[in-house]
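As stored in entry13.cif (mmCIF, C-alpha atoms and all ligand atoms):
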data_run
loop_
_atom_site.group_PDB
_atom_site.id
_atom_site.type_symbol
_atom_site.label_atom_id
_atom_site.label_comp_id
_atom_site.auth_asym_id
_atom_site.auth_seq_id
_atom_site.Cartn_x
_atom_site.Cartn_y
_atom_site.Cartn_z
ATOM 1 C CA MET A 20 59.197 -33.033 -53.838
ATOM 2 C CA THR A 21 57.116 -30.353 -55.468
ATOM 3 C CA GLU A 22 58.610 -26.928 -55.649
ATOM 4 C CA LYS A 23 56.847 -24.749 -53.152
ATOM 5 C CA VAL A 24 59.249 -21.914 -52.934
ATOM 6 C CA ASN A 25 59.157 -18.644 -54.778
ATOM 7 C CA ALA A 26 62.204 -18.719 -57.025
ATOM 8 C CA ASN A 27 62.937 -15.121 -56.191
ATOM 9 C CA ARG A 28 63.561 -16.060 -52.615
ATOM 10 C CA ARG A 29 66.123 -18.682 -53.370
ATOM 11 C CA ASN A 30 69.635 -17.771 -52.647
ATOM 12 C CA LEU A 31 72.669 -19.330 -54.106
ATOM 13 C CA LEU A 32 74.957 -21.871 -52.651
ATOM 14 C CA ILE A 33 78.181 -20.569 -51.202
ATOM 15 C CA ALA A 34 81.665 -21.851 -51.846
ATOM 16 C CA THR A 35 81.676 -25.583 -51.860
ATOM 17 C CA SER A 36 84.221 -28.325 -51.995
ATOM 18 C CA VAL A 37 84.351 -32.037 -51.641
ATOM 19 C CA VAL A 38 86.411 -32.922 -48.649
ATOM 20 C CA GLY A 39 86.313 -36.652 -48.332
ATOM 21 C CA ALA A 40 85.877 -39.943 -50.071
ATOM 22 C CA ILE A 41 85.869 -43.526 -48.939
ATOM 23 C CA GLY A 42 88.789 -45.860 -49.418
ATOM 24 C CA VAL A 43 91.193 -45.770 -52.322
ATOM 25 C CA GLY A 44 91.180 -42.415 -53.977
ATOM 26 C CA PHE A 45 90.523 -40.604 -50.727
ATOM 27 C CA ALA A 46 93.315 -38.211 -51.534
ATOM 28 C CA ALA A 47 91.496 -37.079 -54.636
ATOM 29 C CA VAL A 48 89.565 -33.996 -53.602
ATOM 30 C CA PRO A 49 87.604 -32.865 -56.631
ATOM 31 C CA PHE A 50 86.320 -29.348 -56.624
ATOM 32 C CA ILE A 51 82.656 -29.194 -57.431
ATOM 33 C CA LYS A 52 81.372 -25.643 -57.649
ATOM 34 C CA SER A 53 81.785 -22.257 -56.177
ATOM 35 C CA TRP A 54 79.064 -19.672 -55.968
ATOM 36 C CA LEU A 55 78.511 -16.552 -53.999
ATOM 37 C CA PRO A 56 75.231 -15.603 -52.362
ATOM 38 C CA SER A 57 73.435 -12.443 -53.338
ATOM 39 C CA GLU A 58 73.931 -9.397 -51.156
ATOM 40 C CA ARG A 59 70.316 -9.695 -50.116
ATOM 41 C CA ALA A 60 70.840 -13.293 -49.044
ATOM 42 C CA LYS A 61 73.869 -12.378 -46.981
ATOM 43 C CA ALA A 62 72.051 -9.525 -45.324
ATOM 44 C CA ALA A 63 69.005 -11.593 -44.490
ATOM 45 C CA GLY A 64 70.812 -14.784 -43.605
ATOM 46 C CA GLY A 65 68.043 -16.377 -45.593
ATOM 47 C CA PRO A 66 67.742 -19.851 -47.080
ATOM 48 C CA VAL A 67 70.388 -21.116 -49.479
ATOM 49 C CA GLU A 68 70.070 -23.670 -52.231
ATOM 50 C CA ALA A 69 72.476 -26.595 -52.440
ATOM 51 C CA ASP A 70 72.773 -28.952 -55.394
ATOM 52 C CA PHE A 71 74.705 -32.122 -54.623
ATOM 53 C CA SER A 72 73.999 -34.090 -57.781
ATOM 54 C CA LYS A 73 77.732 -34.651 -58.345
ATOM 55 C CA LEU A 74 78.441 -35.877 -54.847
ATOM 56 C CA GLU A 75 79.565 -39.499 -54.944
ATOM 57 C CA ALA A 76 78.860 -42.040 -52.225
ATOM 58 C CA GLY A 77 81.254 -41.519 -49.342
ATOM 59 C CA GLN A 78 81.982 -37.896 -50.205
ATOM 60 C CA MET A 79 81.119 -34.729 -48.329
ATOM 61 C CA LEU A 80 80.257 -31.301 -49.661
ATOM 62 C CA GLN A 81 80.510 -28.173 -47.544
ATOM 63 C CA VAL A 82 78.291 -25.158 -48.061
ATOM 64 C CA SER A 83 77.523 -22.158 -45.908
ATOM 65 C CA TRP A 84 74.295 -20.964 -44.364
ATOM 66 C CA ARG A 85 74.052 -18.005 -42.008
ATOM 67 C CA GLY A 86 77.813 -18.004 -41.727
ATOM 68 C CA GLN A 87 77.871 -21.607 -40.541
ATOM 69 C CA PRO A 88 79.477 -24.552 -42.319
ATOM 70 C CA ILE A 89 76.856 -27.030 -43.478
ATOM 71 C CA PHE A 90 78.036 -30.555 -44.177
ATOM 72 C CA ILE A 91 76.262 -32.638 -46.822
ATOM 73 C CA VAL A 92 77.367 -36.264 -46.776
ATOM 74 C CA HIS A 93 76.431 -38.879 -49.347
ATOM 75 C CA ARG A 94 76.503 -41.972 -47.187
ATOM 76 C CA THR A 95 77.345 -45.398 -48.507
ATOM 77 C CA PRO A 96 75.158 -48.446 -47.784
ATOM 78 C CA GLU A 97 77.943 -49.657 -45.482
ATOM 79 C CA GLN A 98 77.937 -46.402 -43.521
ATOM 80 C CA LEU A 99 74.170 -46.605 -43.104
ATOM 81 C CA ALA A 100 74.169 -50.270 -42.146
ATOM 82 C CA VAL A 101 76.469 -49.694 -39.205
ATOM 83 C CA LEU A 102 74.326 -46.989 -37.548
ATOM 84 C CA PRO A 103 72.074 -49.280 -35.461
ATOM 85 C CA GLU A 104 74.972 -51.196 -33.944
ATOM 86 C CA LEU A 105 76.575 -47.953 -32.766
ATOM 87 C CA ASN A 106 73.612 -47.055 -30.542
ATOM 88 C CA PRO A 107 75.031 -48.505 -27.288
ATOM 89 C CA ARG A 108 78.175 -46.387 -27.710
ATOM 90 C CA LEU A 109 76.320 -43.107 -28.160
ATOM 91 C CA LYS A 110 75.137 -40.454 -25.703
ATOM 92 C CA ASP A 111 71.894 -39.611 -27.489
ATOM 93 C CA PRO A 112 71.272 -42.332 -30.100
ATOM 94 C CA LEU A 113 67.642 -41.359 -30.656
ATOM 95 C CA SER A 114 68.347 -37.616 -30.701
ATOM 96 C CA GLU A 115 65.981 -36.932 -27.809
ATOM 97 C CA HIS A 116 68.199 -34.208 -26.362
ATOM 98 C CA SER A 117 69.644 -32.816 -29.571
ATOM 99 C CA ILE A 118 68.566 -30.156 -32.049
ATOM 100 C CA GLN A 119 67.065 -31.161 -35.391
ATOM 101 C CA PRO A 120 63.800 -30.753 -37.312
ATOM 102 C CA PRO A 121 61.161 -33.396 -36.488
ATOM 103 C CA PHE A 122 61.906 -35.267 -39.727
ATOM 104 C CA ALA A 123 65.480 -35.877 -38.584
ATOM 105 C CA LYS A 124 64.632 -37.398 -35.230
ATOM 106 C CA ASN A 125 65.465 -40.878 -36.439
ATOM 107 C CA ILE A 126 68.489 -43.106 -36.521
ATOM 108 C CA HIS A 127 69.913 -41.620 -39.746
ATOM 109 C CA ARG A 128 68.900 -38.049 -38.785
ATOM 110 C CA SER A 129 67.850 -36.975 -42.263
ATOM 111 C CA LEU A 130 65.018 -36.868 -44.775
ATOM 112 C CA LYS A 131 66.674 -39.249 -47.230
ATOM 113 C CA PRO A 132 68.775 -41.897 -45.504
ATOM 114 C CA GLU A 133 71.622 -41.681 -48.012
ATOM 115 C CA TYR A 134 72.152 -37.927 -47.515
ATOM 116 C CA TRP A 135 73.009 -36.389 -44.174
ATOM 117 C CA ILE A 136 72.887 -32.621 -43.826
ATOM 118 C CA GLY A 137 74.162 -31.074 -40.619
ATOM 119 C CA VAL A 138 75.826 -28.042 -39.101
ATOM 120 C CA GLY A 139 79.583 -28.577 -39.050
ATOM 121 C CA ILE A 140 80.142 -27.020 -35.658
ATOM 122 C CA CYS A 141 81.130 -29.121 -32.663
ATOM 123 C CA THR A 142 78.510 -28.945 -29.918
ATOM 124 C CA HIS A 143 81.243 -28.725 -27.289
ATOM 125 C CA LEU A 144 82.967 -25.380 -27.854
ATOM 126 C CA GLY A 145 82.381 -24.713 -31.512
ATOM 127 C CA CYS A 146 85.366 -26.098 -33.431
ATOM 128 C CA SER A 147 84.765 -27.586 -36.865
ATOM 129 C CA PRO A 148 84.903 -31.398 -36.837
ATOM 130 C CA LYS A 149 86.733 -33.258 -39.603
ATOM 131 C CA TYR A 150 84.944 -35.767 -41.802
ATOM 132 C CA ILE A 151 86.770 -39.087 -41.601
ATOM 133 C CA PRO A 152 84.779 -41.572 -43.701
ATOM 134 C CA GLU A 153 87.064 -44.609 -43.563
ATOM 135 C CA MET A 154 85.595 -47.420 -41.482
ATOM 136 C CA VAL A 155 88.934 -48.461 -40.041
ATOM 137 C CA PRO A 156 90.579 -47.993 -36.612
ATOM 138 C CA GLN A 157 91.871 -44.507 -35.953
ATOM 139 C CA PRO A 158 94.394 -43.290 -33.348
ATOM 140 C CA PHE A 159 91.522 -41.667 -31.463
ATOM 141 C CA ASP A 160 89.104 -44.605 -31.778
ATOM 142 C CA GLU A 161 90.022 -48.233 -32.400
ATOM 143 C CA GLN A 162 86.404 -49.047 -33.273
ATOM 144 C CA TRP A 163 85.958 -46.192 -35.745
ATOM 145 C CA LYS A 164 83.184 -46.760 -38.306
ATOM 146 C CA GLY A 165 83.406 -43.418 -40.075
ATOM 147 C CA GLY A 166 82.063 -40.075 -38.970
ATOM 148 C CA PHE A 167 83.290 -36.730 -37.673
ATOM 149 C CA TYR A 168 86.173 -36.094 -35.331
ATOM 150 C CA CYS A 169 86.745 -32.831 -33.500
ATOM 151 C CA PRO A 170 90.477 -32.501 -32.799
ATOM 152 C CA CYS A 171 90.059 -29.617 -30.349
ATOM 153 C CA HIS A 172 89.133 -31.839 -27.416
ATOM 154 C CA ASN A 173 88.520 -35.241 -29.042
ATOM 155 C CA SER A 174 84.783 -35.335 -29.570
ATOM 156 C CA ARG A 175 83.661 -38.071 -31.905
ATOM 157 C CA PHE A 176 80.434 -38.268 -33.929
ATOM 158 C CA ASP A 177 79.121 -40.959 -36.267
ATOM 159 C CA VAL A 178 78.035 -40.278 -39.879
ATOM 160 C CA ALA A 179 74.645 -39.160 -38.590
ATOM 161 C CA GLY A 180 76.348 -36.584 -36.355
ATOM 162 C CA ARG A 181 75.533 -38.585 -33.203
ATOM 163 C CA VAL A 182 78.013 -38.030 -30.420
ATOM 164 C CA PHE A 183 79.926 -40.910 -28.834
ATOM 165 C CA LYS A 184 80.128 -41.477 -25.108
ATOM 166 C CA GLY A 185 83.434 -40.261 -23.721
ATOM 167 C CA SER A 186 83.330 -37.105 -25.828
ATOM 168 C CA PRO A 187 83.227 -33.702 -24.160
ATOM 169 C CA ALA A 188 80.440 -32.653 -26.565
ATOM 170 C CA GLY A 189 77.104 -33.316 -24.882
ATOM 171 C CA THR A 190 74.722 -33.426 -27.819
ATOM 172 C CA ASN A 191 74.617 -34.516 -31.436
ATOM 173 C CA LEU A 192 75.598 -32.179 -34.252
ATOM 174 C CA VAL A 193 72.714 -29.867 -35.128
ATOM 175 C CA VAL A 194 70.591 -30.645 -38.185
ATOM 176 C CA PRO A 195 69.333 -27.437 -39.835
ATOM 177 C CA PRO A 196 65.883 -27.029 -41.340
ATOM 178 C CA TYR A 197 65.869 -27.973 -45.017
ATOM 179 C CA MET A 198 63.568 -29.189 -47.745
ATOM 180 C CA TYR A 199 64.100 -31.027 -51.024
ATOM 181 C CA VAL A 200 63.267 -29.202 -54.257
ATOM 182 C CA GLY A 201 64.743 -31.859 -56.522
ATOM 183 C CA GLU A 202 66.244 -35.343 -56.294
ATOM 184 C CA THR A 203 69.576 -33.957 -55.115
ATOM 185 C CA LYS A 204 68.745 -30.344 -54.435
ATOM 186 C CA VAL A 205 67.700 -28.786 -51.152
ATOM 187 C CA ILE A 206 66.930 -25.418 -49.721
ATOM 188 C CA ILE A 207 68.684 -25.054 -46.387
ATOM 189 C CA GLY A 208 66.992 -22.818 -43.855
ATOM 190 C CA GLN A 209 63.459 -23.604 -44.884
ATOM 191 C CA LEU A 210 61.042 -26.394 -44.058
ATOM 192 C CA ALA A 211 58.429 -27.820 -46.392
ATOM 193 C CA GLU A 212 54.831 -26.958 -45.697
ATOM 194 C CA GLY A 213 53.572 -28.981 -42.761
ATOM 195 C CA GLU A 214 57.053 -29.791 -41.452
ATOM 196 C CA ALA A 215 57.324 -26.908 -39.008
HETATM 197 S S1 LIG B 1 85.182 -27.990 -29.482
HETATM 198 FE FE1 LIG B 1 84.981 -30.001 -30.287
HETATM 199 S S2 LIG B 1 85.647 -31.231 -28.686
HETATM 200 FE FE2 LIG B 1 85.783 -29.247 -27.841
#
Go ahead and express the file in the form of structure tokens.
Ligand code: FES
Amino acid sequence: MTEKVNANRRNLLIATSVVGAIGVGFAAVPFIKSWLPSERAKAAGGPVEADFSKLEAGQMLQVSWRGQPIFIVHRTPEQLAVLPELNPRLKDPLSEHSIQPPFAKNIHRSLKPEYWIGVGICTHLGCSPKYIPEMVPQPFDEQWKGGFYCPCHNSRFDVAGRVFKGSPAGTNLVVPPYMYVGETKVIIGQLAEGEA
């Protein structure tokens, strides 16, 4: 995508870390980068730039925007393939009653299918869900296909942040406004021209 943003307005990515990986090697939690936003960015709560070029398939990176955790997940082909079959188990599979930019009102809830970007705050009472990428049965869900689990009151979300029936959370995880300014670089908190 063409750069359309004044470089002076870009703010830096906040502390980041990789918190998950699929399968063997899951315990390895490589640290990617750590930056601090400018004072102006913090004061304004303005857009932040996130570069996830080093994020491997299955991993998640966490950044911060307006004091909120933002999850960036590099989804595997297997994680994407399972999304349609989960629809019958979800409360809002088509995101008709959830909050996201228009470009994310689709089954993968993102601009690029392989990357999901969402607010890491449970839509029930605001806890931070855990990213559990393994597509194997879990104590809280025997049919688990990877996603986010909120341990506060057992809300479950798939890897597109779509909430499962039976969860106390009523809507899908929020997708923030964002735009690509490179293959694996986005500005969070800003939409591309024409996307508003
Ligand atoms: S805050 Fe997540 S389930 Fe209640």
Given all atoms listed in the file, how would the per-residue table for chain A near ligand LIG 1 (chain B) read, listing every residue at most 6 Å away with its closest atom pair and distance in Å to one decimal, sorted by chain and number, as a tab-separated table?
residue	atom	partner	partner_atom	distance
A:Cys141	CA	B:LIG1	FE1	4.6
A:His143	CA	B:LIG1	S1	4.6
A:Leu144	CA	B:LIG1	S1	3.8
A:Gly145	CA	B:LIG1	S1	4.8
A:Cys146	CA	B:LIG1	S1	4.4
A:Cys169	CA	B:LIG1	FE1	4.6
A:Cys171	CA	B:LIG1	FE2	5.0
A:His172	CA	B:LIG1	S2	3.8
A:Asn173	CA	B:LIG1	S2	4.9
A:Ser174	CA	B:LIG1	S2	4.3
A:Pro187	CA	B:LIG1	S2	5.7
A:Ala188	CA	B:LIG1	S2	5.8
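With only C-alpha atoms as the atoms that count, the residue of A:Gly208, A:Pro156, A:Pro96, A:Pro103 with the shortest distance to Tyr134 of chain A is A:Pro96.
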Completion exercise
The residue from A:Ile126, A:Ile206, A:Leu113, A:Ile91 with the smallest atom-to-atom distance to Met79 of chain A, counting all atoms listed in the file, is A:Ile91
Problem - Spatial neighbours of Leu74 of chain A, max dist 8 Å, all atoms listed in the file, sep filter under 4 positions, as a PyMOL selection string - result: chain A and resi 37+78-80+93
Exercise for the section: Might you pull out every residue within 12 Å of segment 195-197 of chain A, with all atoms listed in the file counted and same-chain residues fewer than 2 positions away left off, and present them as a ChimeraX atom specification? Expected result: /A:24,65-69,83-85,87-91,117-124,128-131,135-140,192-193,199-200,204-212,214-215
Exercise for the section: Report as a PyMOL selection string the residues that result from applying the PyMOL selection byres (((chain A and resi 179) around 7) and not hetatm) to the structure here. Expected result: chain A and resi 127-128+135+177-178+180-181
Exercise for the section: Pick out the closest residue to Thr190 of chain A from this set: A:Val92, A:Leu99, A:Leu109, A:Val155. Count only C-alpha atoms. Expected result: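 Smallest distance to Thr190 of chain A is found for A:Leu109.
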Completion exercise
Students should find that atom CA of Glu133 of chain A and atom CA of His116 of chain A are spaced 23.2 Å
Exercise for the section: Just the residues within 6 Å of segment 148-153 of chain A, please, counting only C-alpha atoms, with nothing from its chain fewer than 5 positions along; format it as a list in words. Expected result: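 Listed by chain and then number, they are Ile41, Gly165, Gly166, Phe167, Tyr168 and Cys169 of chain A.
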Exercise for the section: Report the distance between atom CA of Gln162 of chain A and atom CA of Asn106 of chain A in Å, rounded to one decimal place. Expected result: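 Value for the atom CA of Gln162 of chain A-atom CA of Asn106 of chain A distance: 13.2 Å.
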Practice task
Go ahead and compute the interatomic distance for atom CA of Thr203 of chain A and atom CA of Gln98 of chain A, in Å to one decimal.
Solution key: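 Computing the Euclidean distance for atom CA of Thr203 of chain A and atom CA of Gln98 of chain A yields 19.0 Å.
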